[in-house]
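A.B. asks: Here's a structure for you.
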Amino acid sequence: KYLVAAASTVEQLGGPLKAKLIVPSAPLTPEDVVGVLKGRGWEAEIVKQADVSALIPTSSDGLMKCVDGRPSDHSAMDGPKSLGGVYAIATNRGVTDIEGLKKICEEVKKCGSVPSCHGDEHAHPAPMGCGFFKLWSQSKLEGIPAPKFDSEEGQKAILEAGGVYECLAGSHEEKVVYINFVEGTTLAPNGDDQAFVVDAWMTGTYNLDVPKYLVAAASTVEQLGGPLKAKLIVPN
């Protein structure tokens, strides 16, 4: 009824009888992601949720933490895994200032996770132990402007906003990259069987640019010398 009224109005007013119907872009599918990764030289396959026994539900106490597979000094590993923790959202949206970062931390808390960032035992300063932040700060992520703050300033801002800083131990020994499309689930780091974990479903929670996010994830793994092997976890 509404569209007939619209058409009739244009006709009676002598308007142009020419229309362009704008529709949403088709959502990126796991099959699309496999194709993109293979085009970058990766091995990639789709696996069902039931075939990944380590998959666990997320909780409101869990950290939104980095995809890094090394063991943490923090126990709340049942939060979504993202690039650099809260830095994932900042880079995707082009947020480069401290105030913007603090607002993202507040958003993460409202969405039911604990905002976080991390460092490790080897870097100086320690928060530069996050490889994603290091690449971001050095303008090595294509199409993503570098932050106007350093790793220690970012750490301080996240803590002031009620977030957490975690320290990761040991060296990178990741064997695979899990890209998880099963909403409300994640995998906890396992120091004896390391893997990068990218919870792709959280792009919907925070209305992120999915292709931009996944390209940034692939580029990060590649630049850090990680395994070019991915398993995409989809619902049963």
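Residues are named by chain letter and number: chains run A, B, ... in the order of the structure tokens, numbers start at 1 in each chain, and ligands are numbered from 1 in the order shown.
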Hey, what's within 9 Å of A:Gly191 if we count only C-alpha atoms and toss same-chain stuff fewer than 5 positions away? As a count of residues only, please?
C.D. replies: 7
A.B. asks: Any chance you could list, as an MDAnalysis selection string, the residues in stretch 146-190 of chain A that come up alpha helix (DSSP H) when DSSP is run on the backbone?
C.D. replies: chainID A and resid 151:160
A.B. asks: Let me make sure I understand: among A:Ala76, A:Asp68, A:Pro235, A:Phe132, which one has the smallest atom-to-atom distance to A:Gln194 if we use only C-alpha atoms?
C.D. replies: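 Ranking A:Ala76, A:Asp68, A:Pro235, A:Phe132 by distance to A:Gln194, first place goes to A:Asp68.
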A.B. asks: Within 12 Å of A:Ala88, counting only C-alpha atoms, which residues qualify if same-chain residues fewer than 6 places away don't, as number ranges by chain?
C.D. replies: A: 64-67, 80-82, 94-96, 101, 104-105, 108, 115-117, 130, 132-133, 136, 141, 144, 198-200, 202-203, 206, 208-210, 212-214, 216-217, 220
A.B. asks: If you keep C-alpha atoms, can you produce a file of those selected residues as a PDB file, in the first residue's frame?
C.D. replies:
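Saved as part_28.pdb:
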```pdb
ATOM      1  CA  MET A  64      37.438  -9.450  25.491  1.00  0.00           C
ATOM      2  CA  LYS A  65      41.024 -10.457  24.941  1.00  0.00           C
ATOM      3  CA  CYS A  66      43.535 -10.748  22.152  1.00  0.00           C
ATOM      4  CA  VAL A  67      43.508 -13.646  19.676  1.00  0.00           C
ATOM      5  CA  PRO A  80      35.369 -13.212  22.997  1.00  0.00           C
ATOM      6  CA  LYS A  81      38.779 -13.208  21.309  1.00  0.00           C
ATOM      7  CA  SER A  82      39.527 -10.179  19.133  1.00  0.00           C
ATOM      8  CA  GLY A  94      39.252   4.438  12.858  1.00  0.00           C
ATOM      9  CA  VAL A  95      39.408   5.500  16.518  1.00  0.00           C
ATOM     10  CA  THR A  96      42.904   6.765  17.294  1.00  0.00           C
ATOM     11  CA  LEU A 101      39.296   4.195  23.374  1.00  0.00           C
ATOM     12  CA  ILE A 104      34.847   1.691  23.459  1.00  0.00           C
ATOM     13  CA  CYS A 105      35.682   0.174  26.854  1.00  0.00           C
ATOM     14  CA  VAL A 108      32.284  -3.444  25.715  1.00  0.00           C
ATOM     15  CA  PRO A 115      37.639  -4.833  28.097  1.00  0.00           C
ATOM     16  CA  SER A 116      41.312  -5.713  28.005  1.00  0.00           C
ATOM     17  CA  CYS A 117      44.713  -5.390  26.391  1.00  0.00           C
ATOM     18  CA  CYS A 130      50.890  -7.328  21.757  1.00  0.00           C
ATOM     19  CA  PHE A 132      48.624  -6.430  16.830  1.00  0.00           C
ATOM     20  CA  PHE A 133      49.155  -3.164  18.712  1.00  0.00           C
ATOM     21  CA  TRP A 136      48.970  -0.790  14.385  1.00  0.00           C
ATOM     22  CA  LEU A 141      47.875  -2.420   8.847  1.00  0.00           C
ATOM     23  CA  ILE A 144      44.066   1.676   9.262  1.00  0.00           C
ATOM     24  CA  VAL A 198      39.306 -15.016  16.042  1.00  0.00           C
ATOM     25  CA  ASP A 199      35.690 -14.893  17.230  1.00  0.00           C
ATOM     26  CA  ALA A 200      34.254 -13.479  14.008  1.00  0.00           C
ATOM     27  CA  MET A 202      31.520 -10.470  17.615  1.00  0.00           C
ATOM     28  CA  THR A 203      31.675  -8.252  14.524  1.00  0.00           C
ATOM     29  CA  TYR A 206      29.776  -4.261  17.634  1.00  0.00           C
ATOM     30  CA  LEU A 208      32.069  -3.838  12.615  1.00  0.00           C
ATOM     31  CA  ASP A 209      33.129  -3.892   8.969  1.00  0.00           C
ATOM     32  CA  VAL A 210      33.503  -7.659   8.551  1.00  0.00           C
ATOM     33  CA  LYS A 212      38.034  -5.093   6.950  1.00  0.00           C
ATOM     34  CA  TYR A 213      38.210  -6.981  10.241  1.00  0.00           C
ATOM     35  CA  LEU A 214      39.040 -10.353   8.718  1.00  0.00           C
ATOM     36  CA  ALA A 216      43.283  -7.192   9.324  1.00  0.00           C
ATOM     37  CA  ALA A 217      43.291 -10.548  11.138  1.00  0.00           C
ATOM     38  CA  THR A 220      48.366  -9.699  11.380  1.00  0.00           C
TER      39      THR A 220
END
```
A.B. asks: Using only C-alpha atoms, which residue out of A:Leu3, A:Gly39, A:Leu135, A:Pro127 lies closest to A:Gly154?
C.D. replies: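 Of all the options, A:Pro127 lies closest to A:Gly154.
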A.B. asks: What does the distance from atom CA of A:Phe149 to atom CA of A:Ile89 come to in Å, to one decimal?
C.D. replies: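 Between atom CA of A:Phe149 and atom CA of A:Ile89 the gap is 15.6 Å.
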A.B. asks: One number please: atom CA of A:Pro24 to atom CA of A:Val36, in Å, one decimal.
C.D. replies: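 So the two atoms, atom CA of A:Pro24 and atom CA of A:Val36, lie 20.9 Å apart.
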A.B. asks: Identify, with DSSP run on backbone atoms, the residues in stretch 89-215 of chain A assigned to strand (DSSP E), and express the list as a list in words.
C.D. replies: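 For stretch 89-215 of chain A, the strand (DSSP E) set is Val114, Pro115, Ser116, Cys117, His118, Gly119, Asp120, Val164, Tyr165, Glu166, Cys167, Leu168, Val177, Tyr178, Ile179, Asn180, Thr185, Thr186, Phe196, Val197, Val198 and Asp199 of chain A.
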A.B. asks: Considering only C-alpha atoms, state which residue in the set A:Ala6, A:Leu168, A:Leu63, A:Ala230 is at the smallest distance from A:Val47.
C.D. replies: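 The answer is A:Ala230, which sits nearest to A:Val47.
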A.B. asks: Report, in Å to a single decimal, how far apart atom CA of A:Gly131 and atom CA of A:Leu83 are.
C.D. replies: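 These two atoms are separated by 9.4 Å.
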A.B. asks: Looking at only C-alpha atoms, which of A:Val177, A:Ile98, A:Val23, A:Ala195 is the one that sits closest to A:Ile158?
C.D. replies: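 Closest candidate: A:Ile98.
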A.B. asks: Pick out the residues sitting within 12 Å of A:Arg40, and hand them over as a list in words; count only C-alpha atoms, and ignore anything fewer than 2 positions along from it in its own chain.
C.D. replies: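 Non-adjacent residues within range: Val33, Val34, Gly35, Val36, Leu37, Lys38, Trp42, Glu43, Ala44, Val215, Ala218, Ser219, Val221, Glu222, Leu228, Lys229 and Ala230 of chain A.
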